[in-house]
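Colleague: Pasting a structure here, questions to come.
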Amino acid sequence: MAALLALATAVFITSLTETLPAGLLPAMSADLGVSESATGQTVTIYAIGTALTAIPLTAATSGWRRKRLLLMAMAGFAAANTVTAVSGNYPLTMAARFVAGVAAGLAWALLAGYARRMAPVHLQGKAIAIAMAGIPVALSLGVPAGTFLGKVVSWQVAFLAMTGLTAGLLVWIAALLPDFPGQPRGATPPMLRTLRVPGVVPVLSVTLIFVLAHTVLYTYIAAYLDGLGMGGTTDLVLLVFGTASLTGLWIVGALIHRRPRALTLAAVLLVGVAAAVLAVFSGTPALVYAAVTLWGLGWGGAPTLLQTAAGDAGGEAADTAQAMLVTLWNVAMAAGGVAGGLLLDLSGTASFPWTILLLLAPVLVLVLTSRTHGFPARRPGTSP
């Protein structure tokens with residue numbers, strides 16, 4: 001458990017580093033001397049760094065010991081967050097965020113596989129859920145805390161706090177995390193062969209579109225709430241979202257070995273209902289909070305569901321499937337940042353919920369039609 005919690009903390013740091021600007025856009029924009037939509041691209045460039053490097057870095061380091069590789073990736077986060085904190089220059093900040101994204105590409109390709117290797121087959125879903133708990137904790141505690149620090153002190157302090165946390169994690173990993181060997185040379189299946197494995201393409205497609213839908217709104221949540229006259233409640237809204245995400249993750253962790261398909265459908269539908277409420281009833285703050293709660297419930301377990309589905313569908317090519325999932329996840333994050341910025345400038349924040357609904361339609365179709373491979377009723381190797 002101590003080792004899994006170390007992985008969860010690594011996931012927390014990678015997730016918070018990526019999404020922290022969402023709650024700090026106004027302050028970062030003012031200090032860097034650029035617009036909020038331009039500041040939102042700090043999320044995009046991070047995702048681009050991950051998307052460009054996850055697959056080649058995973059292939060290049062496939063034979064390396066896993067522990068050493070994870071330590072290198074987390075050290076990259078410490079360096080990148082420190083530069084982000086001390087930089088008052090937009091290009092330098094973007095360069096630091098790109099480096100953080102490269103470190104994330106390396107870390108994310110490791111983390112789910114690391115958790116799987118520490119548990120027997122029937123507990124692998126729960127092991128991944130524990131490791132992935134870092135995502136909703138980042139959303140429920142990290143981003144609101146960073147937003148609060150940005151208001152009370154400065155946004156730079158929030159990034160420096162990330163550096164301090166990463167330094168502590170490096171000691172934790174070195175002391176307690178078990179080490180595993182890499183793969184023998186030539187053991188990593190090529191991408192094209194992995195894509196031919198039944199179920200892999202539907203899982204990757206759902207990942208790409210679902211993450212894009214989520215990111216369009218989440219990256220610009222501060223601007224969206226400003227448009228509703230709720231700008232002063234950004235940290236509280238993020239806390240509600242994150243708390244609901246933790247609940248969603250707990251449910252997924254408890255049931256993923258028995259009901260992965262039903263949980264995935266529920267996740268898509270909950271986010272869809274939330275978007276519909278925001279599209280129609282955004283003028284009522286109580287309903288905004290209700291929608292954000294549904295959004296969090298649906299999204300909280302999504303990373304665990306999708307990474308587990310990719311690993312199960314990939315079989316012997318699971319590591320390659322995970323690396324491809326990480327790449328597409330971050331392609332979607334980058335595209336969401338760009339698309340959200342364009343929507344913000346051209347159509348205003350009211351267009352965000354309608355865009356989510358449009359994107360979720362093919363996600364629902366893919367999950368419904370991939371009942372044999374990709375999103376089966378039960379995980380392979382588990383009993384009814």
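Numbering starts fresh at 1 for the residues of each chain in the structure tokens, the chains themselves are lettered A, B, ... in the order given, and ligands are numbered from 1 as they appear.
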Please list as a ChimeraX atom specification every residue within 12 Å of His257 (chain A), counting only C-alpha atoms and excluding residues in the same chain fewer than 3 positions away.

Modeller: /A:121-129,251-254,260-263,304-305,308-309,312,376-384

Colleague: Write out, as a PDB file, in the first residue's frame, the residues just selected, with C-alpha atoms.

Modeller:
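Just written: part.pdb:
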ATOM      1  CA  VAL A 121      -4.790 -10.280 -11.735  1.00  0.00           C
ATOM      2  CA  HIS A 122      -7.985 -10.093  -9.671  1.00  0.00           C
ATOM      3  CA  LEU A 123      -6.683  -7.027  -7.798  1.00  0.00           C
ATOM      4  CA  GLN A 124      -5.054  -5.183 -10.685  1.00  0.00           C
ATOM      5  CA  GLY A 125      -8.082  -2.951 -11.240  1.00  0.00           C
ATOM      6  CA  LYS A 126      -8.060  -1.904  -7.590  1.00  0.00           C
ATOM      7  CA  ALA A 127      -4.296  -1.337  -7.679  1.00  0.00           C
ATOM      8  CA  ILE A 128      -4.681   0.976 -10.676  1.00  0.00           C
ATOM      9  CA  ALA A 129      -7.595   2.726  -8.953  1.00  0.00           C
ATOM     10  CA  ILE A 251     -17.149   3.456  -6.843  1.00  0.00           C
ATOM     11  CA  VAL A 252     -15.031   2.448  -9.833  1.00  0.00           C
ATOM     12  CA  GLY A 253     -12.356   0.910  -7.613  1.00  0.00           C
ATOM     13  CA  ALA A 254     -14.966  -1.168  -5.809  1.00  0.00           C
ATOM     14  CA  PRO A 260     -16.344  -2.237 -16.188  1.00  0.00           C
ATOM     15  CA  ARG A 261     -18.740  -1.760 -19.107  1.00  0.00           C
ATOM     16  CA  ALA A 262     -21.611  -0.464 -16.969  1.00  0.00           C
ATOM     17  CA  LEU A 263     -19.266   1.904 -15.161  1.00  0.00           C
ATOM     18  CA  THR A 304      -8.877   4.143 -14.241  1.00  0.00           C
ATOM     19  CA  LEU A 305     -11.566   2.724 -16.520  1.00  0.00           C
ATOM     20  CA  THR A 308      -7.648  -0.712 -17.368  1.00  0.00           C
ATOM     21  CA  ALA A 309      -9.563  -1.197 -20.625  1.00  0.00           C
ATOM     22  CA  ASP A 312      -6.969  -5.629 -20.837  1.00  0.00           C
ATOM     23  CA  PRO A 376     -16.805  -6.080 -22.183  1.00  0.00           C
ATOM     24  CA  ALA A 377     -19.220  -6.676 -19.331  1.00  0.00           C
ATOM     25  CA  ARG A 378     -16.477  -8.259 -17.203  1.00  0.00           C
ATOM     26  CA  ARG A 379     -12.698  -8.016 -17.090  1.00  0.00           C
ATOM     27  CA  PRO A 380     -10.778 -10.947 -18.589  1.00  0.00           C
ATOM     28  CA  GLY A 381      -9.670 -13.454 -15.963  1.00  0.00           C
ATOM     29  CA  THR A 382     -12.325 -12.515 -13.396  1.00  0.00           C
ATOM     30  CA  SER A 383     -15.144 -14.786 -12.269  1.00  0.00           C
ATOM     31  CA  PRO A 384     -18.841 -13.769 -12.393  1.00  0.00           C
TER      32      PRO A 384
END

Colleague: Show which residues sit within 6 Å of Gly300 (chain A), as number ranges by chain. Count only C-alpha atoms, and ignore same-chain residues fewer than 4 positions away.

Modeller: A: 136, 245-246, 248-249, 296

Colleague: Provide the CA of Trp295 (chain A) to CA of Ala274 (chain A) distance in Å, to one decimal place.

Modeller: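 It comes out at 5.4 Å.
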
Colleague: In Å, rounded to a single decimal, give me how far CA of Val288 (chain A) is from CA of Gly232 (chain A).

Modeller: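 Computed distance, CA of Gly232 (chain A) to CA of Val288 (chain A), equals 14.0 Å.
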
Colleague: Between CA of Arg66 (chain A) and CA of Glu18 (chain A), what is the distance, to one decimal in Å?

Modeller: 22.7 Å

Colleague: Out of A:Ala167, A:Val363, A:Ala119, A:Ala310, which residue has the shortest atom-to-atom distance to Met72 (chain A) when counting only C-alpha atoms?

Modeller: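 Looking only at the distances to Met72 (chain A), the closest residue turns out to be A:Ala167.
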
Colleague: Tell me, as a ChimeraX atom specification, which residues lie within 12 Å of Thr147 (chain A), counting only C-alpha atoms; anything in the same chain fewer than 6 positions away does not count.

Modeller: /A:16,19-28,138-141,153-159,221-222,231-239

Colleague: Store the residues of this selection in a file with N, CA, C and O atoms, as a compact mmCIF listing (two decimals), in the first residue's frame.

Modeller:
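Done, and the output landed in result18.txt:
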# COMPACT_ATOMS: atom_id res chain seq x y z
N LEU A 16 -1.71 17.58 -11.21
CA LEU A 16 -1.81 18.95 -10.71
C LEU A 16 -0.92 19.89 -11.52
O LEU A 16 -1.31 21.02 -11.82
N THR A 19 -2.94 20.66 -14.67
CA THR A 19 -4.21 21.39 -14.57
C THR A 19 -4.17 22.62 -13.68
O THR A 19 -5.13 23.39 -13.66
N LEU A 20 -3.08 22.83 -12.94
CA LEU A 20 -3.02 23.96 -12.01
C LEU A 20 -3.32 25.31 -12.66
O LEU A 20 -4.00 26.14 -12.06
N PRO A 21 -2.86 25.56 -13.89
CA PRO A 21 -3.17 26.86 -14.49
C PRO A 21 -4.67 27.13 -14.64
O PRO A 21 -5.07 28.30 -14.74
N ALA A 22 -5.50 26.07 -14.65
CA ALA A 22 -6.94 26.28 -14.82
C ALA A 22 -7.53 27.18 -13.75
O ALA A 22 -8.43 27.97 -14.01
N GLY A 23 -7.03 27.06 -12.52
CA GLY A 23 -7.54 27.90 -11.45
C GLY A 23 -6.78 29.19 -11.27
O GLY A 23 -7.14 30.02 -10.42
N LEU A 24 -5.69 29.38 -12.06
CA LEU A 24 -4.82 30.54 -11.88
C LEU A 24 -4.76 31.43 -13.11
O LEU A 24 -3.92 32.34 -13.17
N LEU A 25 -5.62 31.18 -14.10
CA LEU A 25 -5.52 31.89 -15.37
C LEU A 25 -5.50 33.41 -15.23
O LEU A 25 -4.64 34.07 -15.83
N PRO A 26 -6.42 34.02 -14.47
CA PRO A 26 -6.40 35.50 -14.41
C PRO A 26 -5.09 36.05 -13.86
O PRO A 26 -4.51 36.98 -14.43
N ALA A 27 -4.59 35.47 -12.76
CA ALA A 27 -3.35 35.97 -12.15
C ALA A 27 -2.14 35.71 -13.05
O ALA A 27 -1.29 36.59 -13.23
N MET A 28 -2.05 34.51 -13.62
CA MET A 28 -0.94 34.21 -14.52
C MET A 28 -0.97 35.10 -15.75
O MET A 28 0.07 35.59 -16.21
N ALA A 138 -5.90 15.58 -6.86
CA ALA A 138 -5.37 16.81 -7.46
C ALA A 138 -6.50 17.78 -7.78
O ALA A 138 -6.38 18.99 -7.55
N LEU A 139 -7.60 17.24 -8.29
CA LEU A 139 -8.72 18.10 -8.66
C LEU A 139 -9.49 18.61 -7.44
O LEU A 139 -9.95 19.75 -7.42
N SER A 140 -9.63 17.75 -6.42
CA SER A 140 -10.45 18.13 -5.26
C SER A 140 -9.69 18.97 -4.25
O SER A 140 -10.27 19.84 -3.60
N LEU A 141 -8.39 18.70 -4.10
CA LEU A 141 -7.59 19.42 -3.10
C LEU A 141 -6.52 20.29 -3.74
O LEU A 141 -6.34 21.44 -3.36
N VAL A 153 -1.56 34.60 -1.81
CA VAL A 153 -0.13 34.92 -1.91
C VAL A 153 0.20 35.25 -3.36
O VAL A 153 0.19 36.42 -3.76
N SER A 154 0.49 34.23 -4.14
CA SER A 154 0.75 34.42 -5.57
C SER A 154 0.71 33.06 -6.25
O SER A 154 0.91 32.03 -5.61
N TRP A 155 0.49 33.07 -7.56
CA TRP A 155 0.46 31.80 -8.29
C TRP A 155 1.83 31.15 -8.31
O TRP A 155 1.94 29.92 -8.40
N GLN A 156 2.90 31.95 -8.20
CA GLN A 156 4.24 31.38 -8.18
C GLN A 156 4.46 30.46 -6.98
O GLN A 156 5.13 29.43 -7.08
N VAL A 157 3.87 30.83 -5.84
CA VAL A 157 4.01 30.01 -4.63
C VAL A 157 3.39 28.64 -4.84
O VAL A 157 3.90 27.62 -4.35
N ALA A 158 2.29 28.59 -5.58
CA ALA A 158 1.64 27.30 -5.85
C ALA A 158 2.59 26.36 -6.60
O ALA A 158 2.69 25.17 -6.30
N PHE A 159 3.32 26.89 -7.60
CA PHE A 159 4.24 26.05 -8.35
C PHE A 159 5.46 25.67 -7.51
O PHE A 159 5.99 24.56 -7.63
N ILE A 221 -12.30 26.70 -16.90
CA ILE A 221 -13.38 26.74 -15.91
C ILE A 221 -13.45 28.10 -15.21
O ILE A 221 -14.54 28.60 -14.91
N ALA A 222 -12.28 28.73 -14.96
CA ALA A 222 -12.29 30.05 -14.31
C ALA A 222 -12.97 31.08 -15.21
O ALA A 222 -13.80 31.89 -14.75
N GLY A 231 -17.26 34.09 -10.77
CA GLY A 231 -15.81 34.04 -10.80
C GLY A 231 -15.17 33.92 -9.43
O GLY A 231 -14.10 33.33 -9.28
N GLY A 232 -15.83 34.45 -8.41
CA GLY A 232 -15.28 34.39 -7.06
C GLY A 232 -15.42 33.03 -6.40
O GLY A 232 -14.91 32.82 -5.29
N THR A 233 -16.09 32.09 -7.07
CA THR A 233 -16.32 30.77 -6.48
C THR A 233 -15.52 29.67 -7.17
O THR A 233 -15.81 28.49 -6.97
N THR A 234 -14.53 30.05 -7.98
CA THR A 234 -13.79 29.04 -8.74
C THR A 234 -13.20 27.96 -7.85
O THR A 234 -13.33 26.75 -8.14
N ASP A 235 -12.57 28.36 -6.75
CA ASP A 235 -11.95 27.36 -5.87
C ASP A 235 -12.99 26.45 -5.25
O ASP A 235 -12.78 25.24 -5.11
N LEU A 236 -14.17 26.98 -4.89
CA LEU A 236 -15.22 26.16 -4.31
C LEU A 236 -15.81 25.20 -5.35
O LEU A 236 -16.06 24.02 -5.05
N VAL A 237 -16.02 25.69 -6.57
CA VAL A 237 -16.55 24.83 -7.63
C VAL A 237 -15.57 23.69 -7.91
O VAL A 237 -15.97 22.53 -8.07
N LEU A 238 -14.28 23.99 -7.96
CA LEU A 238 -13.28 22.96 -8.19
C LEU A 238 -13.23 21.96 -7.03
O LEU A 238 -13.00 20.76 -7.23
N LEU A 239 -13.48 22.45 -5.81
CA LEU A 239 -13.52 21.54 -4.66
C LEU A 239 -14.70 20.58 -4.77
O LEU A 239 -14.58 19.38 -4.50

Colleague: Tell me which of A:Met132, A:Val152, A:Ala313, A:Leu170 sits closest to Phe77 (chain A), counting only C-alpha atoms.

Modeller: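 Checking each of A:Met132, A:Val152, A:Ala313, A:Leu170 against Phe77 (chain A), counting only C-alpha atoms, the winner is A:Leu170.
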
Colleague: Restricting the calculation to only C-alpha atoms, which member of A:Trp299, A:Trp172, A:Tyr289, A:Phe12 is positioned closest to Ala131 (chain A)?

Modeller: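 Looking at the shortest contact to Ala131 (chain A), the residue is A:Phe12.
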
Colleague: Leaving out Val99 (chain A) and any residue of its chain fewer than 6 positions from it, which residues lie within 9 Å of it when counting only C-alpha atoms, given as number ranges by chain?

Modeller: A: 46, 49-50, 76-77, 79-80

Colleague: Out of A:Leu204, A:Leu287, A:Ala47, A:Ile256, which residue has the shortest atom-to-atom distance to Gly337 (chain A) when counting only C-alpha atoms?

Modeller: A:Ala47

Colleague: So which residues touch Val326 (chain A) within 7 Å, counting only C-alpha atoms, skipping near sequence neighbours fewer than 4 positions away, as a PDB file with all heavy atoms, in the first residue's frame?

Modeller:
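Output file around.pdb is given in full below:
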ATOM      1  N   ALA A  54       5.692  10.541 -25.519  1.00  0.00           N
ATOM      2  CA  ALA A  54       5.315   9.344 -24.746  1.00  0.00           C
ATOM      3  C   ALA A  54       5.709   8.056 -25.457  1.00  0.00           C
ATOM      4  O   ALA A  54       6.358   7.176 -24.868  1.00  0.00           O
ATOM      5  CB  ALA A  54       3.815   9.356 -24.457  1.00  0.00           C
ATOM      6  N   GLY A 105       5.070  12.454 -20.111  1.00  0.00           N
ATOM      7  CA  GLY A 105       4.995  11.372 -21.092  1.00  0.00           C
ATOM      8  C   GLY A 105       5.735  10.134 -20.627  1.00  0.00           C
ATOM      9  O   GLY A 105       5.267   9.008 -20.821  1.00  0.00           O
ATOM     10  N   TRP A 108       3.644   8.806 -17.215  1.00  0.00           N
ATOM     11  CA  TRP A 108       2.330   8.213 -17.435  1.00  0.00           C
ATOM     12  C   TRP A 108       2.415   6.861 -18.129  1.00  0.00           C
ATOM     13  O   TRP A 108       1.574   5.989 -17.900  1.00  0.00           O
ATOM     14  CB  TRP A 108       1.443   9.162 -18.236  1.00  0.00           C
ATOM     15  CG  TRP A 108       0.732  10.127 -17.365  1.00  0.00           C
ATOM     16  CD1 TRP A 108       1.033  11.435 -17.172  1.00  0.00           C
ATOM     17  CD2 TRP A 108      -0.408   9.870 -16.540  1.00  0.00           C
ATOM     18  NE1 TRP A 108       0.161  11.999 -16.271  1.00  0.00           N
ATOM     19  CE2 TRP A 108      -0.730  11.060 -15.884  1.00  0.00           C
ATOM     20  CE3 TRP A 108      -1.172   8.723 -16.299  1.00  0.00           C
ATOM     21  CZ2 TRP A 108      -1.795  11.157 -14.986  1.00  0.00           C
ATOM     22  CZ3 TRP A 108      -2.234   8.811 -15.408  1.00  0.00           C
ATOM     23  CH2 TRP A 108      -2.542  10.021 -14.775  1.00  0.00           C
ATOM     24  N   ALA A 109       3.421   6.686 -18.982  1.00  0.00           N
ATOM     25  CA  ALA A 109       3.585   5.388 -19.628  1.00  0.00           C
ATOM     26  C   ALA A 109       4.042   4.322 -18.634  1.00  0.00           C
ATOM     27  O   ALA A 109       3.905   3.130 -18.887  1.00  0.00           O
ATOM     28  CB  ALA A 109       4.581   5.498 -20.778  1.00  0.00           C
ATOM     29  N   GLN A 322      -0.776   1.189 -23.524  1.00  0.00           N
ATOM     30  CA  GLN A 322      -0.775   2.252 -22.515  1.00  0.00           C
ATOM     31  C   GLN A 322      -0.034   3.481 -23.026  1.00  0.00           C
ATOM     32  O   GLN A 322      -0.466   4.618 -22.810  1.00  0.00           O
ATOM     33  CB  GLN A 322      -0.121   1.747 -21.219  1.00  0.00           C
ATOM     34  CG  GLN A 322      -0.897   0.672 -20.482  1.00  0.00           C
ATOM     35  CD  GLN A 322      -2.134   1.211 -19.773  1.00  0.00           C
ATOM     36  OE1 GLN A 322      -2.406   2.400 -19.785  1.00  0.00           O
ATOM     37  NE2 GLN A 322      -2.877   0.328 -19.145  1.00  0.00           N
ATOM     38  N   ASN A 330      -3.057  13.054 -24.219  1.00  0.00           N
ATOM     39  CA  ASN A 330      -2.457  14.383 -24.225  1.00  0.00           C
ATOM     40  C   ASN A 330      -2.653  15.117 -25.544  1.00  0.00           C
ATOM     41  O   ASN A 330      -2.657  16.350 -25.566  1.00  0.00           O
ATOM     42  CB  ASN A 330      -0.988  14.272 -23.835  1.00  0.00           C
ATOM     43  CG  ASN A 330      -0.849  14.037 -22.342  1.00  0.00           C
ATOM     44  OD1 ASN A 330      -0.903  14.967 -21.547  1.00  0.00           O
ATOM     45  ND2 ASN A 330      -0.724  12.773 -21.948  1.00  0.00           N
TER      46      ASN A 330
END
